[in-house]
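So this block is upload-v6.pdb, PDB, C-alpha atoms:
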ATOM      1  CA  MET A   1     -20.955 -25.876 -12.344
ATOM      2  CA  ALA A   2     -18.448 -28.301 -13.914
ATOM      3  CA  ALA A   3     -16.642 -25.413 -15.649
ATOM      4  CA  LYS A   4     -15.925 -23.874 -12.233
ATOM      5  CA  LYS A   5     -14.233 -27.017 -10.901
ATOM      6  CA  LEU A   6     -10.785 -26.355  -9.447
ATOM      7  CA  ALA A   7      -7.761 -28.449  -8.490
ATOM      8  CA  LEU A   8      -4.768 -27.592  -6.316
ATOM      9  CA  LEU A   9      -1.118 -28.525  -6.883
ATOM     10  CA  LEU A  10       1.057 -28.011  -3.791
ATOM     11  CA  THR A  11       4.847 -28.106  -3.528
ATOM     12  CA  PRO A  12       7.144 -28.081  -0.478
ATOM     13  CA  GLY A  13      10.005 -25.820   0.486
ATOM     14  CA  ALA A  14      13.608 -26.746  -0.320
ATOM     15  CA  GLY A  15      14.218 -28.621   2.932
ATOM     16  CA  SER A  16      11.016 -30.629   3.184
ATOM     17  CA  GLY A  17       8.839 -32.961   1.172
ATOM     18  CA  ARG A  18       5.274 -33.413   0.000
ATOM     19  CA  ASP A  19       4.258 -34.704   3.446
ATOM     20  CA  HIS A  20       5.000 -31.385   5.209
ATOM     21  CA  SER A  21       2.337 -30.793   7.871
ATOM     22  CA  SER A  22       1.077 -27.553   6.254
ATOM     23  CA  LEU A  23       0.475 -29.272   2.917
ATOM     24  CA  LEU A  24      -1.280 -32.194   4.606
ATOM     25  CA  ALA A  25      -3.492 -29.783   6.569
ATOM     26  CA  ILE A  26      -4.448 -27.896   3.394
ATOM     27  CA  GLU A  27      -5.316 -31.120   1.575
ATOM     28  CA  LYS A  28      -7.564 -32.163   4.465
ATOM     29  CA  ALA A  29      -9.308 -28.765   4.645
ATOM     30  CA  VAL A  30     -10.151 -28.140   0.989
ATOM     31  CA  THR A  31     -12.886 -29.697  -1.131
ATOM     32  CA  VAL A  32     -10.984 -29.796  -4.432
ATOM     33  CA  PRO A  33      -8.618 -32.464  -5.795
ATOM     34  CA  VAL A  34      -5.084 -31.960  -4.421
ATOM     35  CA  LEU A  35      -1.698 -33.136  -5.634
ATOM     36  CA  ARG A  36       1.146 -32.772  -3.115
ATOM     37  CA  HIS A  37       4.182 -32.915  -5.392
ATOM     38  CA  ASP A  38       7.874 -33.530  -4.659
ATOM     39  CA  PHE A  39      10.536 -32.076  -6.948
ATOM     40  CA  PRO A  40      12.959 -34.441  -8.776
ATOM     41  CA  TYR A  41      15.847 -34.000  -6.314
ATOM     42  CA  ARG A  42      13.577 -35.051  -3.468
ATOM     43  CA  ARG A  43      12.189 -38.023  -5.390
ATOM     44  CA  ASN A  44      15.807 -39.078  -6.064
ATOM     45  CA  GLY A  45      16.760 -38.914  -2.378
ATOM     46  CA  LYS A  46      18.934 -35.799  -2.686
ATOM     47  CA  LYS A  47      18.931 -32.853  -0.265
ATOM     48  CA  ALA A  48      20.106 -30.026  -2.528
ATOM     49  CA  PRO A  49      17.479 -28.594  -4.910
ATOM     50  CA  ASP A  50      17.918 -28.835  -8.651
ATOM     51  CA  ARG A  51      18.493 -25.631 -10.619
ATOM     52  CA  ALA A  52      15.449 -23.535 -11.525
ATOM     53  CA  PRO A  53      15.094 -24.775 -15.144
ATOM     54  CA  VAL A  54      14.788 -28.396 -13.906
ATOM     55  CA  LEU A  55      12.248 -27.419 -11.226
ATOM     56  CA  LEU A  56      10.229 -25.326 -13.701
ATOM     57  CA  THR A  57      10.107 -28.144 -16.272
ATOM     58  CA  ASP A  58       9.015 -30.541 -13.545
ATOM     59  CA  ILE A  59       6.170 -28.232 -12.404
ATOM     60  CA  ARG A  60       4.922 -27.823 -15.976
ATOM     61  CA  GLU A  61       4.891 -31.615 -16.454
ATOM     62  CA  ALA A  62       3.202 -32.223 -13.090
ATOM     63  CA  ALA A  63       0.547 -29.586 -13.857
ATOM     64  CA  ALA A  64      -0.201 -31.045 -17.301
ATOM     65  CA  SER A  65      -0.555 -34.541 -15.882
ATOM     66  CA  PHE A  66      -2.625 -33.481 -12.872
ATOM     67  CA  VAL A  67      -5.224 -31.457 -14.800
ATOM     68  CA  LYS A  68      -5.930 -34.549 -16.915
ATOM     69  CA  GLU A  69      -6.132 -36.769 -13.844
ATOM     70  CA  ALA A  70      -8.363 -34.306 -11.940
ATOM     71  CA  GLY A  71     -10.546 -33.569 -14.962
ATOM     72  CA  VAL A  72     -10.107 -29.791 -14.836
ATOM     73  CA  LYS A  73      -9.149 -27.247 -17.472
ATOM     74  CA  PRO A  74      -5.533 -26.037 -17.234
ATOM     75  CA  ASP A  75      -6.689 -22.526 -16.333
ATOM     76  CA  ARG A  76      -8.647 -23.913 -13.348
ATOM     77  CA  LEU A  77      -5.541 -25.230 -11.600
ATOM     78  CA  ILE A  78      -4.262 -23.385  -8.538
ATOM     79  CA  LEU A  79      -0.553 -23.846  -7.935
ATOM     80  CA  GLY A  80       1.717 -23.010  -5.050
ATOM     81  CA  GLY A  81       3.187 -24.231  -1.838
ATOM     82  CA  ARG A  82       5.761 -23.381   0.767
ATOM     83  CA  SER A  83       8.794 -21.153   0.260
ATOM     84  CA  MET A  84      10.858 -22.375  -2.728
ATOM     85  CA  GLY A  85       7.991 -24.535  -4.009
ATOM     86  CA  GLY A  86       5.628 -21.576  -4.142
ATOM     87  CA  ARG A  87       8.281 -19.388  -5.739
ATOM     88  CA  ILE A  88       8.921 -21.943  -8.507
ATOM     89  CA  CYS A  89       5.175 -22.223  -9.156
ATOM     90  CA  SER A  90       4.890 -18.434  -9.378
ATOM     91  CA  MET A  91       7.798 -18.340 -11.841
ATOM     92  CA  ALA A  92       6.131 -20.981 -14.037
ATOM     93  CA  VAL A  93       2.821 -19.079 -14.021
ATOM     94  CA  ALA A  94       4.646 -15.809 -14.784
ATOM     95  CA  GLY A  95       6.485 -17.362 -17.725
ATOM     96  CA  VAL A  96      10.115 -16.615 -16.860
ATOM     97  CA  PRO A  97      12.910 -16.871 -19.479
ATOM     98  CA  GLU A  98      13.829 -20.368 -18.202
ATOM     99  CA  THR A  99      10.449 -21.539 -19.543
ATOM    100  CA  GLY A 100      10.908 -19.713 -22.834
ATOM    101  CA  GLY A 101       8.619 -16.978 -21.529
ATOM    102  CA  GLU A 102       5.557 -19.216 -21.855
ATOM    103  CA  GLN A 103       3.113 -18.694 -18.999
ATOM    104  CA  LEU A 104       1.642 -21.775 -17.330
ATOM    105  CA  PRO A 105      -2.175 -21.437 -17.243
ATOM    106  CA  ALA A 106      -3.542 -21.113 -13.704
ATOM    107  CA  ALA A 107      -6.570 -19.978 -11.718
ATOM    108  CA  GLY A 108      -4.410 -18.615  -8.904
ATOM    109  CA  LEU A 109      -1.365 -18.998  -6.681
ATOM    110  CA  VAL A 110      -1.109 -19.982  -2.993
ATOM    111  CA  LEU A 111       2.251 -18.748  -1.681
ATOM    112  CA  ILE A 112       3.144 -19.741   1.877
ATOM    113  CA  SER A 113       6.284 -18.153   3.380
ATOM    114  CA  TYR A 114       7.302 -16.710   0.025
ATOM    115  CA  PRO A 115      11.135 -16.384   0.042
ATOM    116  CA  LEU A 116      11.383 -12.766  -1.089
ATOM    117  CA  HIS A 117      15.151 -12.661  -0.505
ATOM    118  CA  PRO A 118      17.792 -14.781   1.268
ATOM    119  CA  PRO A 119      17.887 -14.093   5.032
ATOM    120  CA  GLY A 120      19.912 -10.956   5.766
ATOM    121  CA  LYS A 121      20.269 -10.109   2.063
ATOM    122  CA  PRO A 122      17.409  -7.762   1.139
ATOM    123  CA  GLU A 123      19.476  -6.506  -1.803
ATOM    124  CA  ARG A 124      18.932  -9.896  -3.507
ATOM    125  CA  MET A 125      15.175  -9.640  -4.131
ATOM    126  CA  ARG A 126      13.489 -12.479  -6.030
ATOM    127  CA  THR A 127      10.876 -10.272  -7.654
ATOM    128  CA  GLU A 128      11.734  -9.971 -11.375
ATOM    129  CA  HIS A 129       8.803 -12.142 -12.418
ATOM    130  CA  LEU A 130       6.128 -10.665 -10.118
ATOM    131  CA  PRO A 131       4.885  -7.985 -12.579
ATOM    132  CA  ARG A 132       4.062 -10.807 -15.035
ATOM    133  CA  LEU A 133       1.581 -12.428 -12.618
ATOM    134  CA  GLU A 134      -2.013 -11.747 -13.629
ATOM    135  CA  VAL A 135      -3.832 -14.356 -11.531
ATOM    136  CA  PRO A 136      -5.203 -14.004  -7.971
ATOM    137  CA  CYS A 137      -2.447 -14.568  -5.401
ATOM    138  CA  LEU A 138      -2.748 -15.535  -1.740
ATOM    139  CA  PHE A 139       0.344 -14.854   0.373
ATOM    140  CA  ILE A 140       0.501 -16.342   3.888
ATOM    141  CA  SER A 141       3.590 -15.212   5.783
ATOM    142  CA  GLY A 142       4.898 -14.716   9.281
ATOM    143  CA  THR A 143       5.461 -11.198  10.576
ATOM    144  CA  ARG A 144       8.975 -12.264  11.643
ATOM    145  CA  ASP A 145      10.014 -14.108   8.471
ATOM    146  CA  ALA A 146      13.744 -13.561   7.810
ATOM    147  CA  PHE A 147      13.080 -14.082   4.080
ATOM    148  CA  GLY A 148      10.991 -10.894   3.872
ATOM    149  CA  THR A 149       9.296  -8.454   6.233
ATOM    150  CA  PRO A 150       5.619  -7.512   5.847
ATOM    151  CA  ASP A 151       6.677  -4.117   4.456
ATOM    152  CA  GLU A 152       9.092  -5.676   1.959
ATOM    153  CA  LEU A 153       6.579  -8.255   0.779
ATOM    154  CA  GLY A 154       3.785  -5.697   0.563
ATOM    155  CA  ALA A 155       5.931  -3.382  -1.565
ATOM    156  CA  ALA A 156       7.107  -6.206  -3.843
ATOM    157  CA  THR A 157       3.652  -7.677  -4.415
ATOM    158  CA  ALA A 158       2.221  -4.270  -5.353
ATOM    159  CA  ALA A 159       3.759  -4.989  -8.787
ATOM    160  CA  ILE A 160       1.441  -7.999  -9.319
ATOM    161  CA  ALA A 161      -1.304  -7.249 -11.852
ATOM    162  CA  GLY A 162      -3.773  -9.786 -10.422
ATOM    163  CA  PRO A 163      -5.596  -9.438  -7.088
ATOM    164  CA  VAL A 164      -3.343 -10.030  -4.072
ATOM    165  CA  GLU A 165      -4.367 -11.005  -0.546
ATOM    166  CA  HIS A 166      -1.915 -11.079   2.358
ATOM    167  CA  VAL A 167      -2.572 -13.048   5.539
ATOM    168  CA  TRP A 168      -0.045 -12.438   8.308
ATOM    169  CA  VAL A 169       0.752 -14.936  11.043
ATOM    170  CA  GLU A 170       1.567 -12.770  14.050
ATOM    171  CA  ARG A 171       5.092 -13.477  15.386
ATOM    172  CA  GLY A 172       5.433 -16.252  12.781
ATOM    173  CA  THR A 173       8.872 -17.064  11.416
ATOM    174  CA  HIS A 174       9.636 -18.683   8.051
ATOM    175  CA  ASP A 175       8.620 -22.166   9.220
ATOM    176  CA  LEU A 176       5.198 -20.961  10.481
ATOM    177  CA  LYS A 177       5.357 -23.648  13.149
ATOM    178  CA  GLY A 178       2.010 -24.205  14.848
ATOM    179  CA  ALA A 179       0.046 -22.329  12.170
ATOM    180  CA  ASP A 180      -1.131 -25.293  10.055
ATOM    181  CA  ASP A 181      -4.803 -24.881  11.017
ATOM    182  CA  LEU A 182      -4.754 -21.166  10.188
ATOM    183  CA  ILE A 183      -2.978 -21.829   6.885
ATOM    184  CA  ALA A 184      -5.421 -24.588   5.918
ATOM    185  CA  SER A 185      -8.562 -22.626   6.821
ATOM    186  CA  THR A 186      -7.246 -19.539   5.013
ATOM    187  CA  VAL A 187      -6.539 -21.486   1.816
ATOM    188  CA  SER A 188      -9.939 -23.214   2.016
ATOM    189  CA  ARG A 189     -11.752 -19.875   2.413
ATOM    190  CA  TRP A 190      -9.754 -18.239  -0.394
ATOM    191  CA  LEU A 191     -10.430 -21.086  -2.837
ATOM    192  CA  LYS A 192     -14.184 -20.661  -2.320
ATOM    193  CA  GLY A 193     -13.878 -17.126  -3.662
ATOM    194  CA  LEU A 194     -12.328 -18.177  -6.983
TER     195      LEU A 194
END
Structure encoded using C-alpha coordinates:
Amino acid sequence: MAAKKLALLLTPGAGSGRDHSSLLAIEKAVTVPVLRHDFPYRRNGKKAPDRAPVLLTDIREAAASFVKEAGVKPDRLILGGRSMGGRICSMAVAGVPETGGEQLPAAGLVLISYPLHPPGKPERMRTEHLPRLEVPCLFISGTRDAFGTPDELGAATAAIAGPVEHVWVERGTHDLKGADDLIASTVSRWLKGL
(Lines of atoms letter the chains of each structure in order from A and count residues from 1; the text may use other names and numbers.)
(Lines give C-alpha, C1' and ligand atoms only; values in the text may rest on other atoms or scores of the structure.)
Protein backbone atom coordinates (compact mmCIF):
# COMPACT_ATOMS: atom_id res chain seq x y z
CA MET A 1 0.00 0.00 0.00
CA ALA A 2 2.91 2.39 0.68
CA ALA A 3 3.84 2.41 -3.03
CA LYS A 4 0.38 3.80 -3.84
CA LYS A 5 0.76 6.77 -1.48
CA LEU A 6 0.04 10.10 -3.16
CA ALA A 7 0.69 13.76 -2.37
CA LEU A 8 -0.85 16.91 -3.85
CA LEU A 9 0.89 20.18 -4.71
CA LEU A 10 -1.55 23.06 -5.32
CA THR A 11 -0.83 26.49 -6.77
CA PRO A 12 -3.02 29.61 -7.01
CA GLY A 13 -4.03 31.75 -9.96
CA ALA A 14 -2.09 34.89 -10.86
CA GLY A 15 -4.17 37.22 -8.69
CA SER A 16 -4.43 35.15 -5.52
CA GLY A 17 -2.29 33.26 -3.06
CA ARG A 18 -1.94 29.85 -1.45
CA ASP A 19 -4.80 30.64 0.95
CA HIS A 20 -7.43 30.88 -1.83
CA SER A 21 -10.68 29.34 -0.57
CA SER A 22 -10.73 26.62 -3.27
CA LEU A 23 -7.25 25.41 -2.33
CA LEU A 24 -8.11 25.43 1.37
CA ALA A 25 -11.30 23.45 0.68
CA ILE A 26 -9.37 20.85 -1.34
CA GLU A 27 -6.76 20.45 1.40
CA LYS A 28 -9.52 19.88 3.96
CA ALA A 29 -11.36 17.34 1.77
CA VAL A 30 -8.51 15.06 0.69
CA THR A 31 -6.70 12.39 2.68
CA VAL A 32 -3.24 12.87 1.16
CA PRO A 33 -0.46 15.29 2.16
CA VAL A 34 -1.02 18.72 0.56
CA LEU A 35 1.33 21.61 -0.13
CA ARG A 36 -0.38 24.90 -1.03
CA HIS A 37 2.45 26.76 -2.75
CA ASP A 38 2.92 30.45 -3.58
CA PHE A 39 5.08 31.48 -6.54
CA PRO A 40 8.18 33.68 -5.94
CA TYR A 41 6.51 36.96 -6.94
CA ARG A 42 3.79 36.36 -4.37
CA ARG A 43 6.28 35.39 -1.66
CA ASN A 44 8.15 38.64 -2.43
CA GLY A 45 5.01 40.77 -2.07
CA LYS A 46 4.67 41.57 -5.78
CA LYS A 47 1.41 41.51 -7.76
CA ALA A 48 2.68 40.81 -11.28
CA PRO A 49 3.65 37.18 -12.00
CA ASP A 50 7.21 36.27 -12.89
CA ARG A 51 7.93 35.03 -16.42
CA ALA A 52 7.23 31.37 -17.19
CA PRO A 53 10.85 30.12 -16.84
CA VAL A 54 11.00 31.46 -13.25
CA LEU A 55 7.62 29.92 -12.37
CA LEU A 56 8.58 26.58 -13.95
CA THR A 57 11.89 26.42 -12.07
CA ASP A 58 10.07 27.24 -8.85
CA ILE A 59 7.50 24.43 -9.39
CA ARG A 60 10.25 21.90 -10.09
CA GLU A 61 12.07 22.91 -6.89
CA ALA A 62 8.87 22.86 -4.82
CA ALA A 63 7.94 19.42 -6.19
CA ALA A 64 11.39 17.96 -5.45
CA SER A 65 11.32 19.29 -1.90
CA PHE A 66 7.72 18.25 -1.21
CA VAL A 67 8.08 14.62 -2.36
CA LYS A 68 10.94 14.22 0.12
CA GLU A 69 8.96 15.87 2.90
CA ALA A 70 5.80 13.84 2.15
CA GLY A 71 7.71 10.59 1.69
CA VAL A 72 6.31 9.81 -1.76
CA LYS A 73 7.97 8.87 -5.03
CA PRO A 74 8.19 11.73 -7.56
CA ASP A 75 5.81 9.93 -9.91
CA ARG A 76 3.16 9.76 -7.15
CA LEU A 77 2.83 13.54 -6.88
CA ILE A 78 -0.28 15.19 -8.28
CA LEU A 79 0.24 18.80 -9.29
CA GLY A 80 -2.10 21.58 -10.27
CA GLY A 81 -4.18 24.43 -9.04
CA ARG A 82 -6.21 27.36 -10.23
CA SER A 83 -5.84 29.12 -13.58
CA MET A 84 -2.20 30.21 -14.11
CA GLY A 85 -0.95 27.93 -11.33
CA GLY A 86 -2.50 24.87 -12.95
CA ARG A 87 -1.23 25.90 -16.37
CA ILE A 88 2.35 26.26 -15.09
CA CYS A 89 2.13 22.84 -13.42
CA SER A 90 0.86 21.30 -16.66
CA MET A 91 3.74 22.91 -18.57
CA ALA A 92 6.28 21.49 -16.10
CA VAL A 93 4.77 17.99 -16.37
CA ALA A 94 4.69 18.27 -20.18
CA GLY A 95 8.35 19.29 -20.32
CA VAL A 96 8.17 22.54 -22.29
CA PRO A 97 11.30 24.10 -23.88
CA GLU A 98 11.66 26.49 -20.90
CA THR A 99 12.48 23.42 -18.78
CA GLY A 100 14.87 22.03 -21.38
CA GLY A 101 12.14 19.63 -22.48
CA GLU A 102 12.51 17.55 -19.32
CA GLN A 103 9.16 16.30 -18.04
CA LEU A 104 8.44 16.61 -14.32
CA PRO A 105 7.31 13.20 -12.99
CA ALA A 106 3.69 13.20 -11.83
CA ALA A 107 0.75 10.92 -11.06
CA GLY A 108 -1.75 13.41 -12.47
CA LEU A 109 -2.87 17.00 -12.88
CA VAL A 110 -5.75 18.90 -11.22
CA LEU A 111 -6.57 21.92 -13.39
CA ILE A 112 -9.18 24.32 -12.03
CA SER A 113 -10.35 27.11 -14.37
CA TYR A 114 -7.62 26.31 -16.88
CA PRO A 115 -6.83 29.56 -18.78
CA LEU A 116 -7.09 28.21 -22.32
CA HIS A 117 -6.74 31.68 -23.86
CA PRO A 118 -6.91 35.32 -22.68
CA PRO A 119 -10.52 36.56 -22.40
CA GLY A 120 -11.84 37.60 -25.82
CA LYS A 121 -8.74 36.29 -27.61
CA PRO A 122 -9.47 32.70 -28.68
CA GLU A 123 -6.79 33.03 -31.37
CA ARG A 124 -4.15 33.00 -28.60
CA MET A 125 -4.59 29.41 -27.39
CA ARG A 126 -2.25 28.15 -24.67
CA THR A 127 -2.24 24.56 -25.89
CA GLU A 128 1.20 23.85 -27.43
CA HIS A 129 2.22 21.60 -24.55
CA LEU A 130 -1.04 19.63 -24.15
CA PRO A 131 -0.12 16.79 -26.57
CA ARG A 132 2.93 16.07 -24.36
CA LEU A 133 0.75 15.30 -21.31
CA GLU A 134 0.54 11.58 -20.63
CA VAL A 135 -0.82 11.59 -17.08
CA PRO A 136 -4.48 11.59 -15.93
CA CYS A 137 -5.91 15.12 -15.97
CA LEU A 138 -8.91 16.51 -14.11
CA PHE A 139 -10.31 19.77 -15.49
CA ILE A 140 -12.88 21.67 -13.39
CA SER A 141 -14.24 24.70 -15.22
CA GLY A 142 -17.25 26.97 -15.35
CA THR A 143 -19.57 26.82 -18.34
CA ARG A 144 -19.28 30.62 -18.63
CA ASP A 145 -15.51 30.95 -18.23
CA ALA A 146 -14.21 33.79 -20.44
CA PHE A 147 -10.83 32.01 -20.62
CA GLY A 148 -12.33 29.09 -22.58
CA THR A 149 -15.76 27.70 -23.41
CA PRO A 150 -16.65 24.05 -22.78
CA ASP A 151 -16.40 23.38 -26.53
CA GLU A 152 -12.99 25.07 -26.80
CA LEU A 153 -11.59 23.26 -23.78
CA GLY A 154 -13.02 19.92 -24.89
CA ALA A 155 -11.44 20.28 -28.33
CA ALA A 156 -8.07 21.37 -26.92
CA THR A 157 -7.86 18.61 -24.32
CA ALA A 158 -8.62 15.93 -26.92
CA ALA A 159 -4.90 16.24 -27.78
CA ILE A 160 -3.87 14.98 -24.31
CA ALA A 161 -2.54 11.41 -24.43
CA GLY A 162 -3.49 10.59 -20.82
CA PRO A 163 -7.05 10.11 -19.54
CA VAL A 164 -8.99 13.38 -19.23
CA GLU A 165 -12.05 14.09 -17.09
CA HIS A 166 -14.03 17.32 -17.35
CA VAL A 167 -16.32 18.54 -14.57
CA TRP A 168 -18.41 21.57 -15.49
CA VAL A 169 -19.75 24.07 -12.98
CA GLU A 170 -23.05 25.19 -14.47
CA ARG A 171 -23.14 28.99 -15.02
CA GLY A 172 -19.69 29.22 -13.37
CA THR A 173 -17.34 31.98 -14.45
CA HIS A 174 -13.53 31.93 -14.18
CA ASP A 175 -13.54 32.58 -10.42
CA LEU A 176 -15.95 29.67 -9.73
CA LYS A 177 -17.32 31.64 -6.79
CA GLY A 178 -19.45 29.52 -4.48
CA ALA A 179 -18.21 26.22 -5.95
CA ASP A 180 -15.51 25.36 -3.38
CA ASP A 181 -17.41 22.37 -1.96
CA LEU A 182 -18.03 20.93 -5.42
CA ILE A 183 -14.39 21.48 -6.40
CA ALA A 184 -13.09 19.87 -3.20
CA SER A 185 -15.39 16.83 -3.37
CA THR A 186 -14.59 16.33 -7.06
CA VAL A 187 -10.83 16.40 -6.44
CA SER A 188 -11.20 14.05 -3.45
CA ARG A 189 -13.22 11.55 -5.51
CA TRP A 190 -10.82 11.74 -8.46
CA LEU A 191 -7.74 11.16 -6.29
CA LYS A 192 -9.28 7.93 -4.95
CA GLY A 193 -9.30 6.58 -8.50
CA LEU A 194 -5.56 7.05 -9.05
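Close contacts of Val30 of chain A, defined as residues with an atom at most 7 Å away when counting only C-alpha atoms, with chain neighbours fewer than 3 positions off set aside, comprise Ile26, Glu27 and Ser188 of chain A.
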Using C-alpha atoms, can you export the residues from the last selection as a PDB file, in the coordinates of the input?
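Written file, selection_11.pdb:
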ATOM      1  CA  ILE A  26      -4.448 -27.896   3.394  1.00  0.00           C
ATOM      2  CA  GLU A  27      -5.316 -31.120   1.575  1.00  0.00           C
ATOM      3  CA  SER A 188      -9.939 -23.214   2.016  1.00  0.00           C
TER       4      SER A 188
END
Item to complete: Find the residues near Pro136 of chain A: any atom within 9 Å, counting all atoms listed in the file, skip ones fewer than 6 places away on the same chain, and give them as a VMD selection string.
Response: chain A and resid 107 to 110 161 to 165 194
Fill in: Among listed residues A:Gly71, A:Gly178, A:Pro131, A:Pro12, nearest Thr157 of chain A (using all atoms listed in the file)
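Closest to Thr157 of chain A, using all atoms listed in the file: A:Pro131.
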Practice prompt. Using only C-alpha atoms, pick whichever of A:Ala159, A:Leu182, A:Met91, A:Leu6 has the shortest atom-to-atom distance to Phe66 of chain A.
Written response: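 Under the stated criterion, the closest residue is A:Leu6.
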Around segment 140-158 of chain A, fit a box with edges along x, y and z, padding it by 3 Å on each side, then list its centre and edge lengths in Å to one decimal as lines of an AutoDock Vina configuration file.
center_x = 7.1
center_y = -9.9
center_z = 3.1
size_x = 19.2
size_y = 19.0
size_z = 23.0
Item to complete: Please measure the separation of atom CA of Leu23 of chain A and atom CA of Lys47 of chain A, giving the value in Å to one decimal.
Response: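 About the pair atom CA of Leu23 of chain A and atom CA of Lys47 of chain A: they are 19.1 Å apart.
With only C-alpha atoms as the atoms that count, the residue of A:Arg51, A:Lys46, A:His174, A:His37 with the shortest distance to Glu98 of chain A is A:Arg51.
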Discussion item. Please list as a ChimeraX atom specification every residue within 8 Å of segment 78-88 of chain A, counting only C-alpha atoms and excluding residues in the same chain fewer than 5 positions away.
Written reply: /A:6-14,23,52,55-56,59,106-115
Could you save the residues just selected, with C-alpha atoms, as an mmCIF file, keeping the file's coordinate frame?
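Now in part-v1.cif:
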data_model
loop_
_atom_site.group_PDB
_atom_site.id
_atom_site.type_symbol
_atom_site.label_atom_id
_atom_site.label_comp_id
_atom_site.auth_asym_id
_atom_site.auth_seq_id
_atom_site.Cartn_x
_atom_site.Cartn_y
_atom_site.Cartn_z
ATOM 1 C CA LEU A 6 -10.785 -26.355 -9.447
ATOM 2 C CA ALA A 7 -7.761 -28.449 -8.490
ATOM 3 C CA LEU A 8 -4.768 -27.592 -6.316
ATOM 4 C CA LEU A 9 -1.118 -28.525 -6.883
ATOM 5 C CA LEU A 10 1.057 -28.011 -3.791
ATOM 6 C CA THR A 11 4.847 -28.106 -3.528
ATOM 7 C CA PRO A 12 7.144 -28.081 -0.478
ATOM 8 C CA GLY A 13 10.005 -25.820 0.486
ATOM 9 C CA ALA A 14 13.608 -26.746 -0.320
ATOM 10 C CA LEU A 23 0.475 -29.272 2.917
ATOM 11 C CA ALA A 52 15.449 -23.535 -11.525
ATOM 12 C CA LEU A 55 12.248 -27.419 -11.226
ATOM 13 C CA LEU A 56 10.229 -25.326 -13.701
ATOM 14 C CA ILE A 59 6.170 -28.232 -12.404
ATOM 15 C CA ALA A 106 -3.542 -21.113 -13.704
ATOM 16 C CA ALA A 107 -6.570 -19.978 -11.718
ATOM 17 C CA GLY A 108 -4.410 -18.615 -8.904
ATOM 18 C CA LEU A 109 -1.365 -18.998 -6.681
ATOM 19 C CA VAL A 110 -1.109 -19.982 -2.993
ATOM 20 C CA LEU A 111 2.251 -18.748 -1.681
ATOM 21 C CA ILE A 112 3.144 -19.741 1.877
ATOM 22 C CA SER A 113 6.284 -18.153 3.380
ATOM 23 C CA TYR A 114 7.302 -16.710 0.025
ATOM 24 C CA PRO A 115 11.135 -16.384 0.042
#
Worksheet item: Hey, which of A:Glu152, A:Trp168, A:Ser185, A:Arg144 ends up closest to Glu123 of chain A? Count only C-alpha atoms.
Response: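 Of A:Glu152, A:Trp168, A:Ser185, A:Arg144, the one nearest Glu123 of chain A is A:Glu152, counting only C-alpha atoms.
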